[in-house]
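target-v4.cif (mmCIF, C-alpha atoms and all ligand atoms) appears below.
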```cif
data_input
#
loop_
_atom_site.label_atom_id
_atom_site.label_comp_id
_atom_site.auth_asym_id
_atom_site.auth_seq_id
_atom_site.Cartn_x
_atom_site.Cartn_y
_atom_site.Cartn_z
CA MET A 1154 -116.44 -84.35 89.22
CA ASN A 1155 -119.00 -81.69 89.99
CA ASN A 1156 -120.44 -79.32 87.40
CA PHE A 1157 -117.16 -77.49 87.06
CA LYS A 1158 -117.53 -74.76 84.46
CA GLY A 1159 -113.87 -73.82 83.88
CA ILE A 1160 -112.21 -70.42 83.68
CA HIS A 1161 -112.00 -68.23 80.61
CA ILE A 1162 -108.42 -67.05 80.28
CA LYS A 1163 -108.65 -63.58 78.77
CA GLU A 1164 -105.30 -63.47 77.00
CA HIS A 1165 -105.97 -66.85 75.36
CA LYS A 1166 -106.82 -65.73 71.87
CA ASN A 1167 -103.93 -63.37 71.25
CA ASN A 1168 -101.40 -65.78 72.68
CA LYS A 1169 -102.46 -68.46 70.24
CA GLU A 1170 -102.66 -66.08 67.31
CA ILE A 1171 -98.94 -65.27 67.40
CA SER A 1172 -97.95 -68.72 66.13
CA LEU A 1173 -101.12 -69.76 64.35
CA HIS A 1174 -100.78 -68.04 61.00
CA ASN A 1175 -97.10 -68.64 60.34
CA GLU A 1176 -96.09 -71.48 58.08
CA VAL A 1177 -95.00 -74.69 59.83
CA LEU A 1178 -91.20 -75.02 59.75
CA ASP A 1179 -89.80 -78.43 58.78
CA PHE A 1180 -86.48 -79.17 60.46
CA LEU A 1181 -85.90 -82.88 60.03
CA ASP A 1182 -82.13 -83.10 59.57
CA PRO A 1183 -80.43 -82.04 62.82
CA GLU A 1184 -76.77 -82.96 63.16
CA TYR A 1185 -77.46 -84.70 66.47
CA VAL A 1186 -80.49 -86.06 68.28
CA TYR A 1187 -80.74 -86.89 71.99
CA VAL A 1188 -83.42 -89.51 72.60
CA PRO A 1189 -84.51 -89.25 76.25
CA LEU A 1190 -84.35 -92.41 78.36
CA VAL A 1191 -87.14 -91.18 80.63
CA GLU A 1192 -90.85 -90.95 79.87
CA GLN A 1193 -93.79 -90.56 82.26
CA GLY A 1194 -91.40 -91.04 85.17
CA GLY A 1195 -90.29 -94.50 83.87
CA THR A 1196 -86.82 -95.25 82.51
CA PHE A 1197 -85.77 -96.95 79.27
CA THR A 1198 -83.07 -99.56 78.93
CA PRO A 1199 -80.92 -98.92 75.84
CA PHE A 1200 -80.40 -101.71 73.28
CA VAL A 1201 -77.47 -99.91 71.68
CA LYS A 1202 -73.99 -98.91 72.77
CA GLN A 1203 -71.53 -96.19 71.87
CA GLY A 1204 -70.21 -96.62 68.31
CA ASP A 1205 -73.21 -98.67 67.04
CA LYS A 1206 -74.66 -97.74 63.67
CA VAL A 1207 -78.43 -97.30 63.75
CA LYS A 1208 -81.10 -97.02 61.09
CA LEU A 1209 -83.97 -94.56 61.10
CA GLY A 1210 -86.88 -96.21 62.92
CA GLN A 1211 -84.77 -98.85 64.66
CA GLU A 1212 -85.78 -99.76 68.22
CA ILE A 1213 -83.03 -98.43 70.46
CA ALA A 1214 -84.50 -98.65 73.96
CA LEU A 1215 -87.35 -100.21 75.90
CA LYS A 1216 -89.33 -99.01 78.88
CA SER A 1217 -90.58 -102.04 80.76
CA GLY A 1218 -93.28 -102.13 83.42
CA ARG A 1219 -97.03 -102.56 83.18
CA PHE A 1220 -97.26 -101.06 79.69
CA PRO A 1221 -93.91 -101.65 77.97
CA ILE A 1222 -93.06 -99.35 75.10
CA ALA A 1223 -90.06 -98.93 72.80
CA SER A 1224 -88.20 -95.85 71.66
CA HIS A 1225 -86.84 -95.59 68.10
CA ALA A 1226 -83.93 -93.91 66.34
CA PRO A 1227 -85.25 -90.70 64.73
CA ILE A 1228 -82.32 -90.54 62.27
CA SER A 1229 -79.75 -92.93 60.82
CA GLY A 1230 -76.20 -92.55 62.02
CA GLU A 1231 -73.85 -93.48 64.83
CA VAL A 1232 -74.49 -93.70 68.56
CA VAL A 1233 -72.19 -91.23 70.29
CA SER A 1234 -73.34 -91.74 73.87
CA ILE A 1235 -76.02 -93.65 75.78
CA ASP A 1236 -76.01 -91.53 78.92
CA ILE A 1237 -75.44 -87.90 78.00
CA LYS A 1238 -77.68 -85.63 80.09
CA LYS A 1239 -79.97 -82.97 78.66
CA TRP A 1240 -82.82 -80.86 80.02
CA HIS A 1241 -86.23 -82.39 79.60
CA SER A 1242 -89.88 -81.30 79.88
CA SER A 1243 -90.03 -82.93 83.35
CA GLY A 1244 -87.92 -79.95 84.49
CA LYS A 1245 -84.96 -82.25 85.16
CA MET A 1246 -81.83 -83.32 83.31
CA VAL A 1247 -82.28 -86.87 82.02
CA PRO A 1248 -79.94 -89.36 80.31
CA CYS A 1249 -80.31 -89.57 76.54
CA ILE A 1250 -79.01 -91.66 73.64
CA GLN A 1251 -77.06 -89.26 71.44
CA ILE A 1252 -76.95 -90.12 67.72
CA LYS A 1253 -74.83 -88.31 65.12
CA ASN A 1254 -76.68 -87.96 61.83
CA ASP A 1255 -75.13 -89.54 58.72
CA PHE A 1256 -77.77 -87.69 56.66
CA LEU A 1257 -78.46 -90.88 54.65
CA GLU A 1258 -81.95 -91.47 56.15
CA THR A 1259 -81.35 -95.24 55.93
CA ALA A 1260 -84.58 -96.64 57.33
CA VAL A 1261 -85.47 -100.04 58.78
CA ASP A 1262 -87.14 -102.21 56.16
CA THR A 1263 -90.29 -102.61 58.27
CA ILE A 1264 -91.33 -99.08 57.25
CA LYS A 1265 -93.47 -99.87 54.22
CA PRO A 1266 -97.16 -99.72 53.27
CA ASN A 1267 -99.58 -102.26 54.79
CA ASN A 1268 -102.73 -103.62 53.26
CA VAL A 1269 -104.87 -102.00 55.92
CA ASP A 1270 -108.10 -103.73 54.84
CA GLU A 1271 -106.56 -107.05 55.78
CA LEU A 1272 -105.42 -105.99 59.25
CA SER A 1273 -107.41 -107.26 62.23
CA SER A 1274 -108.06 -104.99 65.22
CA GLU A 1275 -105.44 -106.88 67.18
CA GLU A 1276 -102.84 -106.42 64.43
CA MET A 1277 -103.59 -102.70 64.34
CA VAL A 1278 -103.09 -102.40 68.12
CA ASN A 1279 -99.81 -104.31 67.84
CA LYS A 1280 -98.59 -101.85 65.22
CA ILE A 1281 -99.51 -98.92 67.48
CA LYS A 1282 -97.52 -100.59 70.26
CA ASP A 1283 -94.53 -101.55 68.08
CA CYS A 1284 -94.31 -98.01 66.70
CA GLY A 1285 -94.06 -96.53 70.20
CA ILE A 1286 -97.15 -94.35 69.91
CA VAL A 1287 -97.79 -92.44 73.13
CA GLY A 1288 -100.28 -89.72 74.05
CA LEU A 1289 -99.19 -86.55 72.26
CA GLY A 1290 -101.45 -84.21 74.18
CA GLY A 1291 -98.76 -84.13 76.85
CA SER A 1292 -99.45 -87.35 78.74
CA GLY A 1293 -96.94 -89.68 77.07
CA PHE A 1294 -99.16 -92.61 78.10
CA PRO A 1295 -98.69 -95.68 75.83
CA THR A 1296 -101.64 -95.47 73.47
CA TYR A 1297 -102.10 -99.20 72.85
CA ALA A 1298 -102.95 -99.63 76.55
CA LYS A 1299 -106.22 -97.77 75.94
CA TYR A 1300 -107.42 -100.42 73.48
CA ASN A 1301 -107.80 -103.39 75.79
CA PRO A 1302 -110.28 -105.73 74.06
CA ASN A 1303 -111.86 -106.54 77.44
CA ASN A 1304 -113.19 -102.98 77.73
CA LYS A 1305 -116.59 -102.29 76.28
CA ILE A 1306 -116.20 -99.00 74.45
CA ASP A 1307 -119.11 -97.02 73.00
CA THR A 1308 -117.59 -93.60 72.44
CA LEU A 1309 -114.35 -92.38 70.92
CA ILE A 1310 -113.38 -88.81 71.81
CA ILE A 1311 -110.81 -87.01 69.66
CA ASN A 1312 -109.48 -84.18 71.78
CA ALA A 1313 -108.51 -81.09 69.78
CA VAL A 1314 -109.51 -78.58 72.47
CA GLU A 1315 -105.99 -77.40 73.29
CA CYS A 1316 -107.13 -75.30 76.21
CA GLU A 1317 -103.71 -74.07 77.38
CA PRO A 1318 -102.72 -70.57 76.27
CA TYR A 1319 -100.15 -70.14 73.48
CA ILE A 1320 -100.33 -73.66 71.97
CA SER A 1321 -101.73 -73.87 68.42
CA ASP A 1322 -100.48 -77.25 67.18
CA ASP A 1323 -103.80 -79.11 67.45
CA TYR A 1324 -105.60 -76.25 65.73
CA ILE A 1325 -103.28 -76.52 62.75
CA LYS A 1326 -103.61 -80.31 62.69
CA VAL A 1327 -107.39 -80.09 62.39
CA ARG A 1328 -107.26 -77.26 59.88
CA ASP A 1329 -104.71 -78.94 57.61
CA ASN A 1330 -105.14 -82.70 58.14
CA LEU A 1331 -108.83 -83.34 58.66
CA ASP A 1332 -109.04 -86.02 55.95
CA ASP A 1333 -106.29 -88.01 57.68
CA ILE A 1334 -107.93 -87.50 61.07
CA VAL A 1335 -111.19 -88.95 59.74
CA VAL A 1336 -109.37 -91.99 58.31
CA ALA A 1337 -107.60 -92.49 61.64
CA CYS A 1338 -110.94 -92.23 63.47
CA LYS A 1339 -112.26 -95.05 61.32
CA TYR A 1340 -109.32 -97.26 62.28
CA ILE A 1341 -109.85 -96.55 65.98
CA LEU A 1342 -113.60 -97.13 65.68
CA LYS A 1343 -112.76 -100.53 64.21
CA ILE A 1344 -110.23 -101.28 66.97
CA THR A 1345 -112.52 -100.28 69.84
CA ASN A 1346 -115.88 -101.25 68.35
CA ALA A 1347 -117.14 -97.84 69.45
CA LYS A 1348 -120.34 -96.70 67.77
CA VAL A 1349 -119.49 -93.05 67.47
CA ALA A 1350 -116.51 -90.69 67.48
CA TYR A 1351 -116.59 -87.01 68.48
CA ILE A 1352 -114.00 -84.51 67.34
CA VAL A 1353 -113.97 -81.88 70.07
CA VAL A 1354 -112.99 -78.24 69.55
CA LYS A 1355 -113.84 -74.98 71.26
CA LYS A 1356 -117.01 -73.10 70.34
CA THR A 1357 -114.96 -70.05 69.51
CA LYS A 1358 -112.97 -71.74 66.71
CA LYS A 1359 -115.25 -70.73 63.85
CA GLU A 1360 -112.78 -71.60 61.09
CA LEU A 1361 -112.34 -75.14 62.40
CA ILE A 1362 -116.05 -75.60 62.97
CA ASP A 1363 -116.79 -74.73 59.33
CA ILE A 1364 -114.09 -77.07 58.04
CA ILE A 1365 -115.22 -79.95 60.25
CA ASN A 1366 -118.92 -79.49 59.51
CA LYS A 1367 -118.25 -79.55 55.78
CA LYS A 1368 -116.19 -82.72 56.05
CA LEU A 1369 -118.45 -84.61 58.45
CA ASP A 1370 -121.67 -83.73 56.66
CA LEU A 1371 -121.99 -87.15 55.04
CA ILE A 1372 -120.37 -89.24 57.76
CA ASP A 1373 -122.81 -90.71 60.25
CA ASN A 1374 -120.61 -92.00 63.02
CA ILE A 1375 -118.08 -89.16 63.35
CA LYS A 1376 -119.47 -85.95 64.81
CA LEU A 1377 -118.34 -82.54 65.95
CA PHE A 1378 -118.66 -81.68 69.64
CA LEU A 1379 -118.15 -78.14 70.93
CA VAL A 1380 -116.99 -77.04 74.35
CA ASN A 1381 -116.78 -73.61 75.94
CA ASP A 1382 -113.61 -71.55 75.62
CA VAL A 1383 -112.56 -72.17 79.19
CA TYR A 1384 -109.65 -73.82 80.93
CA PRO A 1385 -109.32 -76.78 81.44
CA SER A 1386 -111.97 -77.81 78.91
CA GLY A 1387 -109.48 -80.22 77.30
CA TRP A 1388 -109.12 -82.14 80.55
CA GLU A 1389 -110.09 -85.78 79.93
CA LYS A 1390 -112.52 -86.00 82.85
CA TYR A 1391 -114.23 -82.80 81.76
CA LEU A 1392 -114.70 -84.06 78.20
CA VAL A 1393 -115.99 -87.47 79.23
CA LYS A 1394 -118.46 -85.89 81.65
CA LYS A 1395 -119.69 -83.50 78.94
CA ILE A 1396 -120.04 -86.13 76.23
CA VAL A 1397 -120.84 -89.40 78.01
CA LYS A 1398 -122.54 -87.69 80.99
CA LYS A 1399 -120.75 -89.93 83.45
CA ASN A 1400 -117.84 -89.63 85.86
CA TYR A 1401 -115.03 -92.15 86.01
CA GLN A 1402 -112.50 -92.82 88.72
CA ILE A 1403 -109.27 -93.80 86.96
CA LEU A 1404 -109.77 -94.42 83.24
CA PRO A 1405 -112.45 -93.30 80.72
CA CYS A 1406 -113.02 -96.95 79.69
CA GLU A 1407 -114.88 -97.40 83.01
CA VAL A 1408 -117.74 -95.47 81.41
CA GLY A 1409 -117.26 -96.82 77.88
CA ALA A 1410 -115.06 -94.05 76.46
CA VAL A 1411 -111.62 -93.75 74.90
CA VAL A 1412 -110.01 -90.32 74.59
CA ASN A 1413 -107.19 -89.68 72.09
CA ASN A 1414 -105.49 -86.41 71.33
CA VAL A 1415 -105.77 -85.35 67.69
CA SER A 1416 -101.99 -85.53 67.12
CA THR A 1417 -101.96 -89.03 68.54
CA VAL A 1418 -104.55 -90.24 66.02
CA LEU A 1419 -102.39 -88.96 63.17
CA ALA A 1420 -99.43 -90.91 64.57
CA ILE A 1421 -101.72 -93.95 64.83
CA LYS A 1422 -102.58 -93.61 61.15
CA ASP A 1423 -98.89 -93.61 60.17
CA ALA A 1424 -98.26 -96.67 62.33
CA ILE A 1425 -101.19 -98.64 60.92
CA GLU A 1426 -100.67 -97.72 57.28
CA LYS A 1427 -96.86 -97.74 57.05
CA ASN A 1428 -95.38 -98.97 60.37
CA ILE A 1429 -93.85 -95.52 60.91
CA PRO A 1430 -92.62 -95.18 64.49
CA LEU A 1431 -93.07 -92.02 66.53
CA ILE A 1432 -89.79 -90.39 65.51
CA SER A 1433 -90.97 -86.94 64.45
CA LYS A 1434 -93.57 -84.56 65.75
CA THR A 1435 -94.88 -81.04 65.58
CA LEU A 1436 -94.89 -78.65 68.49
CA THR A 1437 -95.54 -74.97 69.05
CA LEU A 1438 -92.46 -72.82 69.51
CA THR A 1439 -93.72 -69.46 70.62
CA GLY A 1440 -93.57 -66.50 73.00
CA ASN A 1441 -92.28 -62.93 72.89
CA GLY A 1442 -88.67 -64.10 73.24
CA ILE A 1443 -88.18 -65.45 69.71
CA VAL A 1444 -88.18 -63.85 66.28
CA ASN A 1445 -90.56 -66.30 64.56
CA PRO A 1446 -93.22 -67.87 66.76
CA ARG A 1447 -94.63 -70.81 64.80
CA ASN A 1448 -95.25 -74.54 64.79
CA VAL A 1449 -92.29 -76.72 63.92
CA HIS A 1450 -92.06 -80.25 62.56
CA VAL A 1451 -88.93 -81.83 64.01
CA LYS A 1452 -87.28 -85.14 64.86
CA VAL A 1453 -87.79 -86.44 68.40
CA GLY A 1454 -84.58 -85.73 70.31
CA THR A 1455 -83.77 -82.46 68.54
CA LEU A 1456 -82.40 -79.77 70.83
CA ILE A 1457 -84.62 -76.71 71.28
CA SER A 1458 -81.50 -74.52 70.91
CA ASP A 1459 -80.92 -76.00 67.41
CA ILE A 1460 -84.55 -75.42 66.42
CA ILE A 1461 -84.48 -71.82 67.61
CA ARG A 1462 -81.24 -71.17 65.71
CA LYS A 1463 -82.79 -72.63 62.55
CA ASN A 1464 -85.91 -70.57 63.12
CA GLY A 1465 -84.30 -67.13 63.24
CA GLY A 1466 -83.12 -66.90 66.83
CA TYR A 1467 -84.08 -64.82 69.85
CA ILE A 1468 -85.35 -61.33 70.43
CA ASP A 1469 -82.60 -59.48 72.22
CA TYR A 1470 -84.05 -59.34 75.73
CA GLU A 1471 -81.82 -59.19 78.77
CA LYS A 1472 -83.21 -62.36 80.28
CA LEU A 1473 -85.46 -65.11 78.94
CA TYR A 1474 -87.04 -68.20 80.37
CA PHE A 1475 -88.49 -71.31 78.77
CA ILE A 1476 -91.67 -73.16 79.57
CA ALA A 1477 -91.76 -76.77 78.41
CA GLY A 1478 -95.47 -77.42 77.78
CA GLY A 1479 -98.19 -74.83 78.30
CA PRO A 1480 -97.85 -71.91 80.72
CA LEU A 1481 -100.36 -73.40 83.16
CA THR A 1482 -99.10 -76.96 83.36
CA GLY A 1483 -95.58 -76.78 81.91
CA LYS A 1484 -92.24 -76.64 83.65
CA SER A 1485 -90.03 -73.55 83.70
CA LEU A 1486 -86.47 -74.02 82.54
CA ILE A 1487 -83.63 -71.55 82.18
CA SER A 1488 -81.75 -73.38 79.42
CA ASP A 1489 -82.54 -74.05 75.77
CA GLU A 1490 -80.40 -77.21 75.90
CA MET A 1491 -83.65 -79.09 76.19
CA VAL A 1492 -84.68 -82.07 74.09
CA VAL A 1493 -87.91 -82.60 72.20
CA ASN A 1494 -89.44 -85.63 73.83
CA ARG A 1495 -92.32 -87.54 72.28
CA SER A 1496 -95.09 -85.87 74.26
CA LEU A 1497 -93.77 -82.30 74.30
CA THR A 1498 -96.56 -80.04 73.01
CA SER A 1499 -94.85 -76.67 73.06
CA VAL A 1500 -92.01 -74.51 74.27
CA VAL A 1501 -92.93 -70.97 75.25
CA ILE A 1502 -90.03 -68.51 75.41
CA LEU A 1503 -90.75 -65.35 77.36
CA GLU A 1504 -88.95 -62.30 78.60
CA VAL A 1505 -88.35 -62.35 82.34
CA VAL A 1506 -90.42 -59.55 83.84
CA ASP A 1507 -89.78 -58.58 87.45
CA ARG A 1508 -92.92 -58.79 89.50
CA GLU A 1509 -93.71 -59.11 93.12
CA ILE A 1510 -94.33 -62.71 94.02
CA ASN A 1511 -95.21 -64.73 97.06
CA MET A 1512 -96.90 -61.92 98.91
CA GLU A 1513 -99.04 -62.87 101.89
CA CYS A 1514 -102.27 -64.76 101.30
CA MET A 1515 -105.15 -62.30 101.47
CA GLY A 1516 -107.73 -65.01 102.17
CA CYS A 1517 -109.78 -64.32 99.05
CA GLY A 1518 -110.62 -68.00 98.53
CA LYS A 1519 -110.26 -67.78 94.74
CA CYS A 1520 -107.87 -70.74 94.57
CA ALA A 1521 -110.50 -73.00 96.11
CA THR A 1522 -113.25 -71.65 93.88
CA VAL A 1523 -111.39 -72.41 90.66
CA CYS A 1524 -110.02 -75.84 91.53
CA PRO A 1525 -111.71 -78.35 89.19
CA VAL A 1526 -111.35 -81.17 91.71
CA ASN A 1527 -112.64 -79.14 94.67
CA LEU A 1528 -109.40 -78.87 96.62
CA THR A 1529 -108.47 -75.97 98.90
CA PRO A 1530 -104.94 -75.19 97.68
CA VAL A 1531 -104.42 -72.46 100.27
CA PHE A 1532 -104.98 -74.92 103.12
CA ILE A 1533 -102.88 -77.62 101.46
CA ASN A 1534 -100.09 -75.09 101.09
CA THR A 1535 -100.20 -74.29 104.81
CA ALA A 1536 -100.52 -77.93 105.90
CA PHE A 1537 -97.59 -78.89 103.71
CA LYS A 1538 -95.38 -76.14 105.13
CA MET A 1539 -96.21 -77.41 108.63
CA LYS A 1540 -95.81 -81.04 107.50
CA ASN A 1541 -99.21 -81.72 109.05
CA LYS A 1542 -99.81 -85.25 107.75
CA GLU A 1543 -103.25 -85.66 109.26
CA GLN A 1544 -104.46 -82.42 107.71
CA LEU A 1545 -102.90 -83.30 104.33
CA ASP A 1546 -104.80 -86.58 104.33
CA LYS A 1547 -108.04 -84.75 104.96
CA LEU A 1548 -107.34 -82.16 102.27
CA ALA A 1549 -106.74 -84.90 99.65
CA ALA A 1550 -103.83 -83.22 97.84
CA ASN A 1551 -103.39 -86.51 95.96
CA LYS A 1552 -106.38 -85.54 93.77
CA CYS A 1553 -104.57 -82.55 92.24
CA ILE A 1554 -104.45 -82.78 88.43
CA ALA A 1555 -101.73 -80.13 88.14
CA CYS A 1556 -103.93 -77.85 86.05
CA GLY A 1557 -102.18 -74.72 87.39
CA LEU A 1558 -105.38 -72.71 87.86
CA CYS A 1559 -104.82 -71.95 91.54
CA SER A 1560 -101.46 -70.30 90.80
CA TYR A 1561 -102.94 -68.49 87.82
CA ILE A 1562 -105.82 -67.01 89.80
CA CYS A 1563 -104.00 -66.15 93.04
CA PRO A 1564 -103.79 -62.35 93.39
CA SER A 1565 -100.85 -62.74 95.79
CA ARG A 1566 -98.89 -64.71 93.17
CA ILE A 1567 -98.34 -67.62 95.52
CA ASP A 1568 -97.08 -70.64 93.58
CA LEU A 1569 -99.77 -72.92 94.90
CA THR A 1570 -99.56 -75.55 92.17
CA VAL A 1571 -95.93 -76.34 92.90
CA ASN A 1572 -96.66 -76.61 96.60
CA VAL A 1573 -99.75 -78.76 96.16
CA LEU A 1574 -97.76 -81.07 93.89
CA LYS A 1575 -94.98 -81.24 96.47
CA ALA A 1576 -97.59 -82.14 99.08
CA LYS A 1577 -98.96 -84.81 96.74
CA GLU A 1578 -95.48 -86.28 96.30
CA TYR A 1579 -94.86 -86.10 100.04
CA MET A 1580 -98.07 -88.03 100.74
CA ALA A 1581 -97.29 -90.62 98.04
CA LYS A 1582 -93.86 -91.27 99.57
CA ARG A 1583 -95.46 -91.84 102.94
S1 LIG A 1601 -103.28 -77.28 90.31
FE1 LIG A 1601 -104.27 -78.82 91.62
S2 LIG A 1601 -104.92 -77.71 93.43
FE2 LIG A 1601 -104.46 -76.16 91.86
S3 LIG A 1601 -106.45 -75.77 90.90
FE3 LIG A 1601 -105.45 -77.37 89.67
S4 LIG A 1601 -106.18 -79.31 90.55
FE4 LIG A 1601 -106.66 -77.69 92.04
S1 LIG A 1602 -106.03 -67.32 95.88
FE1 LIG A 1602 -104.07 -66.77 96.86
S2 LIG A 1602 -104.63 -65.06 98.17
FE2 LIG A 1602 -106.55 -66.04 97.61
S3 LIG A 1602 -106.92 -67.56 99.29
FE3 LIG A 1602 -105.83 -68.62 97.69
S4 LIG A 1602 -103.68 -68.46 98.32
FE4 LIG A 1602 -104.78 -66.88 99.44
#
```
Represent the structure of the file as structure tokens.
Amino acid sequence: MNNFKGIHIKEHKNNKEISLHNEVLDFLDPEYVYVPLVEQGGTFTPFVKQGDKVKLGQEIALKSGRFPIASHAPISGEVVSIDIKKWHSSGKMVPCIQIKNDFLETAVDTIKPNNVDELSSEEMVNKIKDCGIVGLGGSGFPTYAKYNPNNKIDTLIINAVECEPYISDDYIKVRDNLDDIVVACKYILKITNAKVAYIVVKKTKKELIDIINKKLDLIDNIKLFLVNDVYPSGWEKYLVKKIVKKNYQILPCEVGAVVNNVSTVLAIKDAIEKNIPLISKTLTLTGNGIVNPRNVHVKVGTLISDIIRKNGGYIDYEKLYFIAGGPLTGKSLISDEMVVNRSLTSVVILEVVDREINMECMGCGKCATVCPVNLTPVFINTAFKMKNKEQLDKLAANKCIACGLCSYICPSRIDLTVNVLKAKEYMAKR
């Protein structure tokens, strides 16, 4: 990447503030959960059938492929369906395993404390794999795959930048769980043999900076790293370039780095210390459409409609819409019958405001100026509409990282990101 400086999104601060100071709501006993059978575009094969009794933490499905990963029952109870469809953060309806809660919390007997000092690096990685830990910053990528012993890793980067507007989950994690984050860092330093870990937050987060500085004062190999309050400063390539001073092509390990989101490292700690699978998570539930914007701690597979009901309900607007993920990279949905999948970071609920969209391009060039990977979205948009394959090849739409900046900046409100992504998909199919 070039020396991309990012864009400061003006409304950032206030959007985050609306959920930041409210107490986290625990909602860990839903009547039903719907465990999605799709993750990162791959599908899971269920191990269970309708009528089966399952224990909390039991493996119930497996996604095969290059990096196989299991999915676990978030509650104990009875399987009601293995193919019921629910809305999902991919913007599509996906099949799910529906489990009815027996409210007994009967857990698998593998969930118990480990003697961590006796675990080898390999055993730790196996626990991360067996517990189904995936990237919680939104990627859903199987975490164990980052710890290939053949990679020479020097630097561990703990990403707590959370550069999308509205989301405040990582902020709260660092503020409230720093001791656990430091312990988890030590495990990952052992696994990767990295010499140093950096916890990365924005320069503007004074409260976090003070907390981290106080904690890390006497720790040599875990440091604080600050980035500007710009978007997308939490983008993996941006962080690696800033910290390691090198570019990579596909994975950070090419330049000796591993990047983990801060929520992921907390899940890693639970897996290593107690074999706890990824069956619950926190996410930010926010926006002007609900009564109590806040972070919520819920079981994977809980319906957003159930969480909102538990959390005080909606503001009485005529029309609302839902964004699964952040406003710049998330998917818009019109239904709250959406499941919490493992990598869902937030749901933003907003009033629908009529505004003029898709006016004519005024040729301002802003979309090209902001693109962090130097694309020209306006030209890709045109080439895609004309299905000009040769031009699309030249314009390299396949490099789009779906950051959403071109749509955000466009004064004509043209939905460039969607069209660039369609062009990318079109090229991939070819
Ligand atoms: S969404 Fe894609 S094309 Fe648009 S600015 Fe981001 S990387 Fe560039
Ligand atoms: S930002 Fe919008 S108006 Fe400006 S060149 Fe790009 S598409 Fe056209």
Can you pull out every residue within 9 Å of A:Asn1304, counting all atoms listed in the file, but drop anything in the same chain fewer than 2 positions away, and send it as a list in words?
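Non-adjacent residues within range: Lys1299, Tyr1300, Asn1301, Pro1302, Ile1306, Thr1345, Cys1406, Glu1407 and Gly1409 of chain A.
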Hey, which residues come within 9 Å of ligand LIG 1601 (chain A) if we count all atoms listed in the file? Could you give them as an mmCIF file with C-alpha atoms, in the frame of the given file?
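Everything below was put into pocket_5.cif:
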```cif
data_model
loop_
_atom_site.group_PDB
_atom_site.id
_atom_site.type_symbol
_atom_site.label_atom_id
_atom_site.label_comp_id
_atom_site.auth_asym_id
_atom_site.auth_seq_id
_atom_site.Cartn_x
_atom_site.Cartn_y
_atom_site.Cartn_z
ATOM 1 C CA LEU A 1481 -100.360 -73.400 83.160
ATOM 2 C CA THR A 1482 -99.100 -76.960 83.360
ATOM 3 C CA CYS A 1520 -107.870 -70.740 94.570
ATOM 4 C CA ALA A 1521 -110.500 -73.000 96.110
ATOM 5 C CA THR A 1522 -113.250 -71.650 93.880
ATOM 6 C CA VAL A 1523 -111.390 -72.410 90.660
ATOM 7 C CA CYS A 1524 -110.020 -75.840 91.530
ATOM 8 C CA PRO A 1525 -111.710 -78.350 89.190
ATOM 9 C CA VAL A 1526 -111.350 -81.170 91.710
ATOM 10 C CA ASN A 1527 -112.640 -79.140 94.670
ATOM 11 C CA LEU A 1528 -109.400 -78.870 96.620
ATOM 12 C CA THR A 1529 -108.470 -75.970 98.900
ATOM 13 C CA PRO A 1530 -104.940 -75.190 97.680
ATOM 14 C CA VAL A 1531 -104.420 -72.460 100.270
ATOM 15 C CA ILE A 1533 -102.880 -77.620 101.460
ATOM 16 C CA ALA A 1550 -103.830 -83.220 97.840
ATOM 17 C CA ASN A 1551 -103.390 -86.510 95.960
ATOM 18 C CA LYS A 1552 -106.380 -85.540 93.770
ATOM 19 C CA CYS A 1553 -104.570 -82.550 92.240
ATOM 20 C CA ILE A 1554 -104.450 -82.780 88.430
ATOM 21 C CA ALA A 1555 -101.730 -80.130 88.140
ATOM 22 C CA CYS A 1556 -103.930 -77.850 86.050
ATOM 23 C CA GLY A 1557 -102.180 -74.720 87.390
ATOM 24 C CA LEU A 1558 -105.380 -72.710 87.860
ATOM 25 C CA CYS A 1559 -104.820 -71.950 91.540
ATOM 26 C CA SER A 1560 -101.460 -70.300 90.800
ATOM 27 C CA TYR A 1561 -102.940 -68.490 87.820
ATOM 28 C CA ILE A 1562 -105.820 -67.010 89.800
ATOM 29 C CA LEU A 1569 -99.770 -72.920 94.900
ATOM 30 C CA THR A 1570 -99.560 -75.550 92.170
ATOM 31 C CA VAL A 1571 -95.930 -76.340 92.900
ATOM 32 C CA ASN A 1572 -96.660 -76.610 96.600
ATOM 33 C CA VAL A 1573 -99.750 -78.760 96.160
ATOM 34 C CA LEU A 1574 -97.760 -81.070 93.890
#
```
When you draw a straight line from atom CA of A:Ile1228 to atom CA of A:Thr1439, how long is it in Å?
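We find that atom CA of A:Ile1228 and atom CA of A:Thr1439 lie 25.4 Å from each other.
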Which of these, A:Glu1271, A:Asp1182, A:Asp1332, A:Glu1317, has the shortest distance to A:Glu1258 once you count all atoms listed in the file?
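Closest candidate: A:Asp1182.
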Which is closest to A:Ser1458 among A:Ile1162, A:Leu1289, A:Ile1487, A:Val1492, if we use all atoms listed in the file?
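The shortest atom-to-atom distance to A:Ser1458 comes from A:Val1492.
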Nearest-residue call for ligand LIG 1602 (chain A), choices A:Ile1432, A:Ser1224, A:Lys1519, A:Ala1581, using only C-alpha atoms and all ligand atoms
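Among the listed residues, A:Lys1519 lies closest to ligand LIG 1602 (chain A).
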One-decimal distance in Å that lies between atom CA of A:Cys1338 and atom CA of A:Asn1400:
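It comes out at 23.6 Å.
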One decimal, in Å: what's the spacing between atom CA of A:Ile1320 and atom CA of A:Leu1419?
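Calculated distance between atom CA of A:Ile1320 and atom CA of A:Leu1419 is 17.8 Å.
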Nearest-residue call for A:Ala1410, choices A:Asp1307, A:Glu1360, A:Glu1471, A:Asp1568, using only C-alpha atoms:
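Of A:Asp1307, A:Glu1360, A:Glu1471, A:Asp1568, the one nearest A:Ala1410, counting only C-alpha atoms, is A:Asp1307.
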